[in-house]
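Note: the block below is my_file32.txt and it holds compact mmCIF, C-alpha atoms.
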# COMPACT_ATOMS: atom_id res chain seq x y z
CA MET W 83 98.77 64.55 -51.57
CA SER W 84 100.01 66.29 -48.45
CA ASP W 85 99.39 65.40 -44.82
CA ALA W 86 99.12 69.04 -43.82
CA VAL W 87 95.54 70.24 -43.73
CA THR W 88 95.12 74.01 -43.43
CA PRO W 89 92.51 75.32 -40.97
CA GLU W 90 90.49 76.73 -43.91
CA GLU W 91 90.51 73.40 -45.68
CA GLN W 92 89.57 71.61 -42.46
CA ALA W 93 86.60 73.98 -41.97
CA ARG W 94 85.45 73.62 -45.60
CA HIS W 95 85.70 69.86 -45.31
CA ALA W 96 83.73 69.76 -42.06
CA GLU W 97 81.01 71.94 -43.59
CA LYS W 98 80.76 69.75 -46.68
CA MET W 99 80.65 66.52 -44.69
CA LYS W 100 78.04 67.99 -42.33
CA LYS W 101 75.79 68.63 -45.34
CA ILE W 102 76.37 65.13 -46.70
CA LYS W 103 75.60 63.64 -43.30
CA ALA W 104 72.39 65.66 -42.97
CA ALA W 105 71.24 64.58 -46.44
CA ARG W 106 72.10 60.98 -45.66
CA ASP W 107 70.34 61.05 -42.30
CA ARG W 108 67.19 62.46 -43.95
CA MET W 109 67.37 59.70 -46.58
CA MET W 110 67.82 56.98 -43.98
CA GLU W 111 64.99 58.31 -41.78
CA GLY W 112 62.44 56.93 -44.18
CA LYS W 113 64.09 53.56 -44.22
CA THR W 114 62.82 51.84 -41.15
CA GLY W 115 61.26 48.74 -42.63
CA GLU W 116 62.56 45.23 -42.15
CA LYS W 117 61.69 42.26 -44.27
CA GLY W 118 63.12 38.99 -45.39
CA LEU W 119 64.77 39.71 -48.71
CA ILE W 120 64.92 37.78 -51.94
CA MET W 121 68.47 38.45 -53.09
CA VAL W 122 70.09 37.53 -56.39
CA HIS W 123 73.82 37.50 -57.18
CA THR W 124 74.37 37.07 -60.88
CA GLY W 125 76.72 38.08 -63.69
CA PRO W 126 79.98 36.65 -65.01
CA GLY W 127 82.25 38.23 -62.40
CA LYS W 128 83.67 36.75 -59.21
CA GLY W 129 82.06 37.06 -55.79
CA LYS W 130 78.57 35.62 -56.29
CA SER W 131 79.05 32.56 -54.09
CA SER W 132 81.70 34.03 -51.83
CA SER W 133 79.55 37.00 -50.86
CA GLY W 134 76.63 34.64 -50.21
CA PHE W 135 78.95 32.65 -48.00
CA GLY W 136 80.15 35.88 -46.34
CA MET W 137 76.52 36.71 -45.48
CA VAL W 138 76.06 33.23 -43.99
CA MET W 139 79.06 33.87 -41.73
CA ARG W 140 77.65 37.28 -40.76
CA CYS W 141 74.32 35.70 -39.88
CA ILE W 142 76.06 33.06 -37.77
CA ALA W 143 77.90 35.87 -35.96
CA HIS W 144 74.54 37.50 -35.22
CA GLY W 145 73.06 34.23 -33.94
CA MET W 146 70.80 33.74 -36.97
CA PRO W 147 70.60 30.05 -38.00
CA CYS W 148 71.26 29.42 -41.70
CA ALA W 149 70.95 26.75 -44.36
CA VAL W 150 72.98 26.33 -47.54
CA VAL W 151 71.94 24.22 -50.52
CA GLN W 152 74.64 23.79 -53.16
CA PHE W 153 72.99 22.99 -56.47
CA ILE W 154 75.96 22.46 -58.72
CA LYS W 155 79.30 22.24 -56.98
CA GLY W 156 78.59 18.81 -55.58
CA ASN W 157 81.90 17.15 -56.18
CA TRP W 158 84.18 19.97 -55.17
CA ILE W 159 85.80 20.13 -51.79
CA THR W 160 85.38 23.81 -51.24
CA GLY W 161 86.69 25.92 -48.41
CA GLU W 162 83.20 27.03 -47.47
CA ALA W 163 81.86 23.48 -47.28
CA GLU W 164 84.72 22.45 -45.02
CA MET W 165 84.32 25.54 -42.88
CA ILE W 166 80.59 25.12 -42.35
CA ARG W 167 80.58 21.37 -41.87
CA GLY W 168 83.66 21.32 -39.70
CA ARG W 169 83.08 24.32 -37.48
CA PHE W 170 79.51 25.59 -37.78
CA ALA W 171 77.42 22.44 -38.12
CA GLU W 172 75.24 23.67 -35.24
CA GLU W 173 74.59 27.10 -36.73
CA CYS W 174 74.27 26.24 -40.39
CA ARG W 175 72.77 23.24 -42.15
CA PHE W 176 74.62 22.29 -45.30
CA PHE W 177 73.19 20.30 -48.20
CA VAL W 178 74.65 19.31 -51.54
CA SER W 179 72.33 18.30 -54.31
CA GLY W 180 74.37 18.77 -57.46
CA GLU W 181 77.09 16.48 -58.69
CA GLY W 182 79.35 18.91 -60.47
CA PHE W 183 78.82 21.16 -63.45
CA THR W 184 76.63 19.80 -66.17
CA TRP W 185 79.49 19.29 -68.60
CA GLU W 186 81.10 16.97 -66.05
CA THR W 187 78.12 14.66 -65.53
CA GLN W 188 76.95 14.59 -69.17
CA ASP W 189 73.76 13.00 -67.88
CA LYS W 190 70.67 15.18 -68.20
CA ALA W 191 68.26 12.92 -66.32
CA ARG W 192 70.63 12.71 -63.36
CA ASP W 193 71.17 16.49 -63.38
CA ILE W 194 67.41 17.11 -63.35
CA ALA W 195 66.89 14.66 -60.50
CA ALA W 196 69.70 16.31 -58.50
CA ALA W 197 68.31 19.81 -59.09
CA GLN W 198 64.81 18.78 -58.07
CA ALA W 199 66.07 17.02 -54.95
CA GLY W 200 67.90 20.24 -54.09
CA TRP W 201 64.78 22.36 -54.59
CA LYS W 202 62.77 20.06 -52.32
CA ILE W 203 65.35 20.53 -49.56
CA ALA W 204 65.45 24.28 -50.26
CA LYS W 205 61.69 24.60 -49.75
CA GLU W 206 61.83 22.68 -46.47
CA GLN W 207 64.62 24.90 -45.19
CA ILE W 208 62.91 28.12 -46.25
CA LEU W 209 59.68 27.03 -44.55
CA ASP W 210 61.46 26.04 -41.33
CA PRO W 211 60.69 28.85 -38.86
CA GLU W 212 64.03 28.35 -37.14
CA ILE W 213 66.06 29.23 -40.23
CA ARG W 214 66.63 32.95 -40.90
CA PHE W 215 68.83 32.90 -44.00
CA VAL W 216 68.94 30.37 -46.85
CA LEU W 217 71.66 30.39 -49.51
CA LEU W 218 70.73 28.60 -52.75
CA ASP W 219 74.16 28.42 -54.32
CA GLU W 220 74.30 28.15 -58.13
CA ILE W 221 70.55 27.55 -58.37
CA ASN W 222 70.52 29.92 -61.38
CA ILE W 223 72.39 27.29 -63.40
CA ALA W 224 69.66 24.74 -62.70
CA LEU W 225 67.00 27.32 -63.59
CA ARG W 226 68.77 28.34 -66.76
CA TYR W 227 68.76 24.79 -68.12
CA ASP W 228 65.10 24.42 -67.03
CA TYR W 229 66.01 21.65 -64.60
CA LEU W 230 63.75 23.58 -62.25
CA ASP W 231 60.61 25.44 -63.23
CA ILE W 232 61.21 29.19 -62.85
CA ASP W 233 57.50 29.93 -62.31
CA GLU W 234 57.30 27.44 -59.45
CA VAL W 235 60.42 28.83 -57.80
CA VAL W 236 59.29 32.47 -58.11
CA ASP W 237 55.78 31.64 -56.91
CA PHE W 238 57.14 29.85 -53.87
CA LEU W 239 59.50 32.70 -52.98
CA LEU W 240 56.79 35.35 -53.34
CA HIS W 241 53.91 33.52 -51.67
CA GLN W 242 55.23 30.84 -49.35
CA LYS W 243 58.52 32.18 -48.02
CA PRO W 244 58.06 33.32 -44.40
CA GLU W 245 58.06 37.12 -44.28
CA MET W 246 61.27 37.59 -42.31
CA THR W 247 63.38 34.87 -43.93
CA HIS W 248 66.17 35.99 -46.26
CA VAL W 249 66.90 33.89 -49.34
CA CYS W 250 69.96 34.47 -51.54
CA LEU W 251 70.10 32.84 -54.99
CA THR W 252 73.39 32.79 -56.88
CA GLY W 253 74.72 31.90 -60.31
CA ARG W 254 75.19 33.40 -63.75
CA ASN W 255 72.35 34.19 -66.13
CA ALA W 256 69.60 34.74 -63.57
CA LYS W 257 66.22 34.49 -65.29
CA PRO W 258 64.32 37.76 -65.84
CA GLU W 259 61.36 36.40 -63.83
CA LEU W 260 63.63 35.97 -60.80
CA ILE W 261 65.17 39.43 -61.18
CA GLU W 262 61.67 40.88 -61.39
CA ALA W 263 60.61 39.11 -58.18
CA ALA W 264 63.77 39.91 -56.19
CA ASP W 265 64.24 42.75 -53.69
CA LEU W 266 67.99 43.08 -54.18
CA VAL W 267 69.90 42.15 -57.31
CA THR W 268 73.63 42.51 -57.83
CA GLU W 269 75.34 41.80 -61.12
CA MET W 270 79.00 40.87 -60.69
CA THR W 271 80.71 42.26 -63.78
CA LEU W 272 84.01 40.83 -64.93
CA VAL W 273 86.42 43.70 -65.51
CA LYS W 274 89.63 41.65 -65.52
CA HIS W 275 90.45 38.02 -64.73
CA PRO W 276 93.83 36.26 -64.34
CA PHE W 277 92.63 33.18 -66.29
CA ARG W 278 93.58 35.27 -69.33
CA ASP W 279 97.18 35.22 -68.17
CA GLY W 280 97.31 31.47 -67.64
CA ILE W 281 96.64 31.56 -63.91
CA LYS W 282 94.56 28.65 -62.64
CA ALA W 283 91.78 28.66 -60.05
CA GLN W 284 93.53 29.00 -56.70
CA LYS W 285 92.78 27.81 -53.18
CA GLY W 286 91.22 30.50 -50.99
CA VAL W 287 90.45 32.72 -53.96
CA GLU W 288 88.20 30.58 -56.15
CA PHE W 289 87.21 27.68 -53.90
CA MET I 904 59.35 21.66 -68.16
CA SER I 905 58.99 17.92 -67.93
CA ASP I 906 60.99 15.46 -65.87
CA ALA I 907 60.88 12.85 -68.61
CA VAL I 908 64.00 12.86 -70.74
CA THR I 909 63.76 10.81 -73.93
CA PRO I 910 66.73 8.58 -74.84
CA GLU I 911 67.38 10.74 -77.95
CA GLU I 912 67.43 13.91 -75.87
CA GLN I 913 69.66 12.25 -73.30
CA ALA I 914 72.14 11.23 -76.03
CA ARG I 915 72.10 14.69 -77.64
CA HIS I 916 72.67 16.29 -74.26
CA ALA I 917 75.57 13.95 -73.43
CA GLU I 918 77.20 14.68 -76.80
CA LYS I 919 76.85 18.44 -76.36
CA MET I 920 78.18 18.37 -72.80
CA LYS I 921 81.10 16.15 -73.88
CA LYS I 922 82.08 18.81 -76.41
CA ILE I 923 81.77 21.60 -73.85
CA LYS I 924 83.87 19.59 -71.40
CA ALA I 925 86.56 18.92 -74.03
CA ALA I 926 86.73 22.63 -74.94
CA ARG I 927 86.88 23.56 -71.29
CA ASP I 928 89.58 21.01 -70.49
CA ARG I 929 91.68 22.34 -73.40
CA MET I 930 91.22 25.87 -72.14
CA MET I 931 92.15 24.94 -68.57
CA GLU I 932 95.23 22.94 -69.66
CA GLY I 933 97.11 26.16 -70.34
CA LYS I 934 96.19 27.53 -66.95
CA THR I 935 98.70 26.02 -64.60
CA GLY I 936 100.26 29.11 -63.08
CA GLU I 937 99.86 30.21 -59.49
CA LYS I 938 100.56 33.64 -58.14
CA GLY I 939 99.49 35.94 -55.40
CA LEU I 940 96.74 38.08 -56.88
CA ILE I 941 95.93 41.76 -56.57
CA MET I 942 92.14 41.71 -56.48
CA VAL I 943 89.75 44.66 -56.57
CA HIS I 944 86.04 44.64 -55.68
CA THR I 945 84.43 47.89 -56.69
CA GLY I 946 81.15 49.31 -58.01
CA PRO I 947 77.97 50.51 -56.30
CA GLY I 948 76.43 47.07 -55.81
CA LYS I 949 76.39 44.84 -52.76
CA GLY I 950 78.94 42.11 -52.08
CA LYS I 951 82.29 43.91 -52.19
CA SER I 952 83.14 43.46 -48.52
CA SER I 953 81.11 40.31 -47.97
CA SER I 954 82.85 38.42 -50.76
CA GLY I 955 86.22 39.60 -49.42
CA PHE I 956 85.15 38.29 -46.03
CA GLY I 957 83.97 35.04 -47.69
CA MET I 958 87.45 34.59 -49.18
CA VAL I 959 89.00 35.15 -45.75
CA MET I 960 86.82 32.34 -44.39
CA ARG I 961 87.80 30.09 -47.31
CA CYS I 962 91.48 30.76 -46.67
CA ILE I 963 91.03 29.97 -42.98
CA ALA I 964 89.38 26.70 -44.00
CA HIS I 965 92.43 25.89 -46.14
CA GLY I 966 94.84 26.71 -43.31
CA MET I 967 96.05 29.96 -44.92
CA PRO I 968 96.61 32.70 -42.29
CA CYS I 969 94.93 36.03 -43.11
CA ALA I 970 94.87 39.65 -42.08
CA VAL I 971 92.05 42.17 -42.41
CA VAL I 972 92.46 45.95 -42.22
CA GLN I 973 89.19 47.89 -42.12
CA PHE I 974 89.82 51.40 -43.38
CA ILE I 975 86.45 53.00 -42.93
CA LYS I 976 83.96 51.01 -40.92
CA GLY I 977 85.72 51.72 -37.65
CA ASN I 978 82.78 52.35 -35.41
CA TRP I 979 80.46 49.64 -36.65
CA ILE I 980 80.02 46.38 -34.85
CA THR I 981 79.84 44.17 -37.87
CA GLY I 982 79.14 40.48 -38.04
CA GLU I 983 82.46 39.81 -39.69
CA ALA I 984 84.44 41.67 -37.05
CA GLU I 985 82.70 39.73 -34.29
CA MET I 986 83.18 36.45 -36.12
CA ILE I 987 86.89 36.91 -36.74
CA ARG I 988 87.76 38.38 -33.36
CA GLY I 989 85.61 35.97 -31.42
CA ARG I 990 86.30 32.71 -33.20
CA PHE I 991 89.27 33.03 -35.55
CA ALA I 992 91.70 35.28 -33.71
CA GLU I 993 94.41 32.64 -34.22
CA GLU I 994 93.89 32.33 -37.97
CA CYS I 995 93.16 35.93 -38.89
CA ARG I 996 94.56 39.18 -37.58
CA PHE I 997 92.00 41.97 -37.52
CA PHE I 998 92.79 45.69 -37.53
CA VAL I 999 90.56 48.73 -37.63
CA SER I 1000 92.02 52.04 -38.70
CA GLY I 1001 89.03 54.07 -39.78
CA GLU I 1002 86.58 55.75 -37.47
CA GLY I 1003 83.44 55.64 -39.55
CA PHE I 1004 82.57 57.13 -42.89
CA THR I 1005 83.99 60.52 -43.59
CA TRP I 1006 80.65 62.28 -43.28
CA GLU I 1007 80.41 60.97 -39.71
CA THR I 1008 83.77 62.25 -38.49
CA GLN I 1009 83.70 65.59 -40.37
CA ASP I 1010 87.38 65.89 -39.51
CA LYS I 1011 89.71 65.66 -42.47
CA ALA I 1012 92.99 65.66 -40.55
CA ARG I 1013 91.78 62.80 -38.36
CA ASP I 1014 90.54 60.83 -41.39
CA ILE I 1015 93.91 61.21 -43.12
CA ALA I 1016 95.78 60.12 -39.99
CA ALA I 1017 93.51 57.07 -39.64
CA ALA I 1018 93.93 56.09 -43.31
CA GLN I 1019 97.70 56.41 -43.12
CA ALA I 1020 97.87 54.40 -39.91
CA GLY I 1021 95.83 51.71 -41.67
CA TRP I 1022 98.13 51.68 -44.68
CA LYS I 1023 101.18 51.30 -42.41
CA ILE I 1024 99.58 48.23 -40.82
CA ALA I 1025 98.56 46.94 -44.25
CA LYS I 1026 102.14 47.07 -45.52
CA GLU I 1027 103.42 45.22 -42.46
CA GLN I 1028 100.83 42.48 -42.90
CA ILE I 1029 101.45 42.11 -46.63
CA LEU I 1030 105.21 41.85 -46.03
CA ASP I 1031 104.78 39.27 -43.24
CA PRO I 1032 105.76 35.91 -44.83
CA GLU I 1033 103.31 34.09 -42.58
CA ILE I 1034 100.26 35.87 -44.00
CA ARG I 1035 98.83 34.49 -47.25
CA PHE I 1036 95.78 36.72 -47.82
CA VAL I 1037 95.24 40.35 -46.85
CA LEU I 1038 91.87 42.08 -47.11
CA LEU I 1039 92.03 45.90 -47.27
CA ASP I 1040 88.37 46.66 -46.68
CA GLU I 1041 87.08 49.99 -48.01
CA ILE I 1042 90.60 51.21 -48.81
CA ASN I 1043 89.21 52.59 -52.10
CA ILE I 1044 87.33 55.26 -50.14
CA ALA I 1045 90.57 56.44 -48.55
CA LEU I 1046 92.26 56.42 -51.97
CA ARG I 1047 89.40 58.27 -53.61
CA TYR I 1048 89.66 61.18 -51.19
CA ASP I 1049 93.47 61.13 -51.59
CA TYR I 1050 93.94 60.29 -47.93
CA LEU I 1051 96.42 57.76 -49.29
CA ASP I 1052 98.66 58.28 -52.29
CA ILE I 1053 97.52 55.97 -55.10
CA ASP I 1054 100.99 55.85 -56.69
CA GLU I 1055 102.57 54.71 -53.45
CA VAL I 1056 99.93 52.01 -52.91
CA VAL I 1057 100.18 50.68 -56.48
CA ASP I 1058 103.99 50.77 -56.42
CA PHE I 1059 104.03 48.81 -53.17
CA LEU I 1060 101.59 46.19 -54.45
CA LEU I 1061 103.49 45.71 -57.71
CA HIS I 1062 107.03 45.73 -56.39
CA GLN I 1063 107.08 44.87 -52.71
CA LYS I 1064 104.19 42.43 -52.21
CA PRO I 1065 105.57 38.90 -51.79
CA GLU I 1066 104.89 36.91 -54.96
CA MET I 1067 102.44 34.39 -53.50
CA THR I 1068 100.49 36.71 -51.19
CA HIS I 1069 96.94 37.60 -52.24
CA VAL I 1070 95.66 41.10 -51.53
CA CYS I 1071 92.02 42.10 -51.97
CA LEU I 1072 91.10 45.81 -52.01
CA THR I 1073 87.45 46.80 -51.71
CA GLY I 1074 85.28 49.89 -51.99
CA ARG I 1075 83.45 51.99 -54.56
CA ASN I 1076 85.17 54.14 -57.15
CA ALA I 1077 88.44 52.22 -57.41
CA LYS I 1078 91.07 54.45 -59.01
CA PRO I 1079 92.03 53.65 -62.62
CA GLU I 1080 95.67 53.19 -61.57
CA LEU I 1081 94.62 50.41 -59.19
CA ILE I 1082 92.42 48.72 -61.78
CA GLU I 1083 95.32 48.84 -64.23
CA ALA I 1084 97.67 47.20 -61.71
CA ALA I 1085 95.22 44.51 -60.54
CA ASP I 1086 95.04 40.90 -61.73
CA LEU I 1087 91.35 40.44 -61.01
CA VAL I 1088 88.75 43.18 -60.94
CA THR I 1089 85.05 42.73 -60.27
CA GLU I 1090 82.55 45.54 -60.51
CA MET I 1091 79.48 44.96 -58.37
CA THR I 1092 76.63 46.54 -60.31
CA LEU I 1093 73.47 47.61 -58.55
CA VAL I 1094 70.48 46.23 -60.43
CA LYS I 1095 67.93 46.62 -57.67
CA HIS I 1096 68.10 47.61 -54.00
CA PRO I 1097 65.43 47.52 -51.26
CA PHE I 1098 66.51 50.93 -49.88
CA ARG I 1099 64.27 52.27 -52.63
CA ASP I 1100 61.31 50.62 -50.95
CA GLY I 1101 62.07 52.01 -47.50
CA ILE I 1102 63.86 48.93 -46.20
CA LYS I 1103 66.75 49.69 -43.88
CA ALA I 1104 70.17 48.02 -43.67
CA GLN I 1105 69.55 44.69 -41.98
CA LYS I 1106 71.60 42.44 -39.73
CA GLY I 1107 73.25 39.55 -41.57
CA VAL I 1108 72.58 41.11 -44.96
CA GLU I 1109 74.36 44.45 -44.78
CA PHE I 1110 76.56 44.17 -41.69
Please re-express this file's structure in structure tokens.
Amino acid sequence: MSDAVTPEEQARHAEKMKKIKAARDRMMEGKTGEKGLIMVHTGPGKGKSSSGFGMVMRCIAHGMPCAVVQFIKGNWITGEAEMIRGRFAEECRFFVSGEGFTWETQDKARDIAAAQAGWKIAKEQILDPEIRFVLLDEINIALRYDYLDIDEVVDFLLHQKPEMTHVCLTGRNAKPELIEAADLVTEMTLVKHPFRDGIKAQKGVEF
Amino acid sequence: MSDAVTPEEQARHAEKMKKIKAARDRMMEGKTGEKGLIMVHTGPGKGKSSSGFGMVMRCIAHGMPCAVVQFIKGNWITGEAEMIRGRFAEECRFFVSGEGFTWETQDKARDIAAAQAGWKIAKEQILDPEIRFVLLDEINIALRYDYLDIDEVVDFLLHQKPEMTHVCLTGRNAKPELIEAADLVTEMTLVKHPFRDGIKAQKGVEF
């Protein structure tokens, strides 16, 4: 790589970028719609919850009130929980329904009750006209174990969610029915992870 | 799905979860190390920048000072920029070096100068012992076009980055050299996107 750009190269580059910009502008011209999205973050990689949390912070910055329901991480003191409760309690409601991962509780009836309590809160928040963005963190785990009925959840999202409200559902192993119903689905793929090298979950990175 | 859990089912579930927990505890026992990670978020899917931003907010919650260098989104007023500058200026330094995507500027020499100015700031922030987490947002775009030298960036990260400092590099098309050097790599895969249905980039979701 060299810093020196010849005039010919500069002209070629400008021409190429002009074409890309024109193509992009044409593509974006047709994209004028707005709607509340059903978003799913799934897959084994990192970033499912943290990007949901990042969107919550973006919404707060734009003056859009949010709600978060944590379905599984109930007994963790996470950075995001502290941040929202401590500094954005006005802008974002925060609910915890789960009591830790299922292998921690070892109590199926309690897990089901917690998941269903969380879904009840989730529906109330989604229906609340004041709330613009709802994050259902790790709900896919509850759906995967059938602690919640996938058909009921999908039906509610498709037919009762207010048109302009965004809902983001996170967690591994999203059910095919949910992927089918969603507007935007991202699969976080694990390419490399430091757990393999004996590195533990670290503050700021994982929680 | 039924809410009623029989005692037999409850016992079977508890036994199964106990085994999973024991296996997990054994696995986690060996994971006691801590180190500053080189993290890469790449791929065409959503969530690369927003999960980087989510980690910044987590670090702030844990009292870990951060720095963000935006390489490409220079002329956008994004939610995260407003949030950090407006409310967390003490906890997180925020720098913008890029002036928009390359097809907007159409000026290669200016793009190179902006990328290199950003990399200079990035190195200073990474070397600063006070800073615990550095987000290099969209730096992969600058690397892809060879506006920055990949060997220099990788060499710096591997040999000059302080041991406990985390660095997260985002953007599509991460170079193989960077993936090789990284501790944690996530590829955001696009499963479904509402652009296809004529929906534009929306506040809170995309920026």
Restrict the calculation to all atoms listed in the file, then for each residue of chain I with any atom at most 6 Å from an atom of chain W give the closest atom pair and their distance in Å to one decimal, rows by chain and rising residue number, as a tab-separated table.
residue	atom	partner	partner_atom	distance
I:Gln913	CA	W:Lys190	CA	6.0
I:Ala917	CA	W:Gln188	CA	4.5
I:Met920	CA	W:Trp185	CA	4.5
I:Lys924	CA	W:Trp185	CA	5.2
I:Gly933	CA	W:Gly280	CA	6.0
I:Lys934	CA	W:Gly280	CA	4.2
I:Thr935	CA	W:Lys282	CA	5.3
I:Gly936	CA	W:Ile281	CA	4.4
I:Glu937	CA	W:Ile281	CA	5.6
I:Gly948	CA	W:Thr268	CA	5.7
I:Gly950	CA	W:Ser133	CA	5.3
I:Ser953	CA	W:Ser133	CA	4.7
I:Ser954	CA	W:Ser133	CA	3.6
I:Phe956	CA	W:Gly136	CA	5.6
I:Gly957	CA	W:Gly136	CA	4.1
I:Met958	CA	W:Gly286	CA	5.8
I:Arg961	CA	W:Gly161	CA	4.5
I:Cys962	CA	W:Gly286	CA	4.3
I:Ala964	CA	W:Gly161	CA	5.2
I:Gly982	CA	W:Arg140	CA	4.5
I:Glu983	CA	W:Arg140	CA	5.5
I:Met986	CA	W:Ala143	CA	5.3
I:Trp1006	CA	W:Met99	CA	4.5
I:Gln1009	CA	W:Ala96	CA	4.5
I:Asp1010	CA	W:Ala96	CA	5.9
I:Lys1011	CA	W:Gln92	CA	6.0
I:Asp1086	CA	W:Pro276	CA	5.5
I:Leu1087	CA	W:His275	CA	4.5
I:Val1088	CA	W:Lys274	CA	4.9
I:Thr1089	CA	W:Leu272	CA	5.1
I:Glu1090	CA	W:Thr271	CA	5.0
I:Met1091	CA	W:Met270	CA	4.7
I:Thr1092	CA	W:Glu269	CA	5.0
I:Leu1093	CA	W:Thr268	CA	5.2
I:Val1094	CA	W:Val267	CA	5.2
I:Lys1095	CA	W:Val267	CA	4.9
I:His1096	CA	W:Leu266	CA	4.5
I:Pro1097	CA	W:Asp265	CA	5.5
I:Gly1101	CA	W:Lys113	CA	4.2
I:Ile1102	CA	W:Gly115	CA	4.4
I:Lys1103	CA	W:Lys113	CA	4.7
I:Gly1107	CA	W:Cys141	CA	4.3
I:Val1108	CA	W:Met137	CA	5.9
Applying 9 Å and all atoms listed in the file, which residues near Ile975 (chain I) remain after dropping the ones on its own chain fewer than 5 positions away? List them as a list in words.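 Close residues of Ile975 (chain I): Val999, Ser1000, Gly1001, Glu1002, Gly1003, Phe1004, Thr1005, Asp1014, Ala1017, Ala1018, Asp1040, Glu1041, Ile1042, Ile1044 and Ala1045 of chain I.
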For Arg175 (chain W): contacts at 9 Å, all atoms listed in the file, fewer than 2 positions along chain excluded, given as a list in words: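 After dropping sequence-adjacent residues, the list is Pro147, Cys148, Ala149, Val150, Val151, Ile166, Arg167, Phe170, Ala171, Glu172, Glu173, Phe177 and Gln207 of chain W.
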What gap, in Å, lies between CA of Cys174 (chain W) and CA of Pro258 (chain W)?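 If I compute the distance from CA of Cys174 (chain W) to CA of Pro258 (chain W), I get 29.7 Å.
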Between CA of Leu251 (chain W) and CA of Asn1076 (chain I), distance in Å (one decimal):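 Pair CA of Leu251 (chain W) / CA of Asn1076 (chain I) returns 26.2 Å.
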Hey, what's within 10 Å of Val1056 (chain I) if we count all atoms listed in the file and toss same-chain stuff fewer than 3 positions away? As a list in words, please?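 In the requested format, the answer is Trp1022, Lys1026, Leu1046, Leu1051, Asp1052, Ile1053, Phe1059, Leu1060, Leu1061, Glu1080 and Leu1081 of chain I.
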Counting only C-alpha atoms, which of I:Arg929, I:Val1057, I:Gln973, I:Lys1064 gets nearest to Ile1024 (chain I)?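 Nearest to Ile1024 (chain I): I:Gln973.
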Axis-aligned box for all listed atoms of region 274-289 of chain W, 6 Å per side, centre and edges in Å to one decimal, as lines of an AutoDock Vina configuration file:
center_x = 92.3
center_y = 34.7
center_z = -60.2
size_x = 22.1
size_y = 26.0
size_z = 30.3
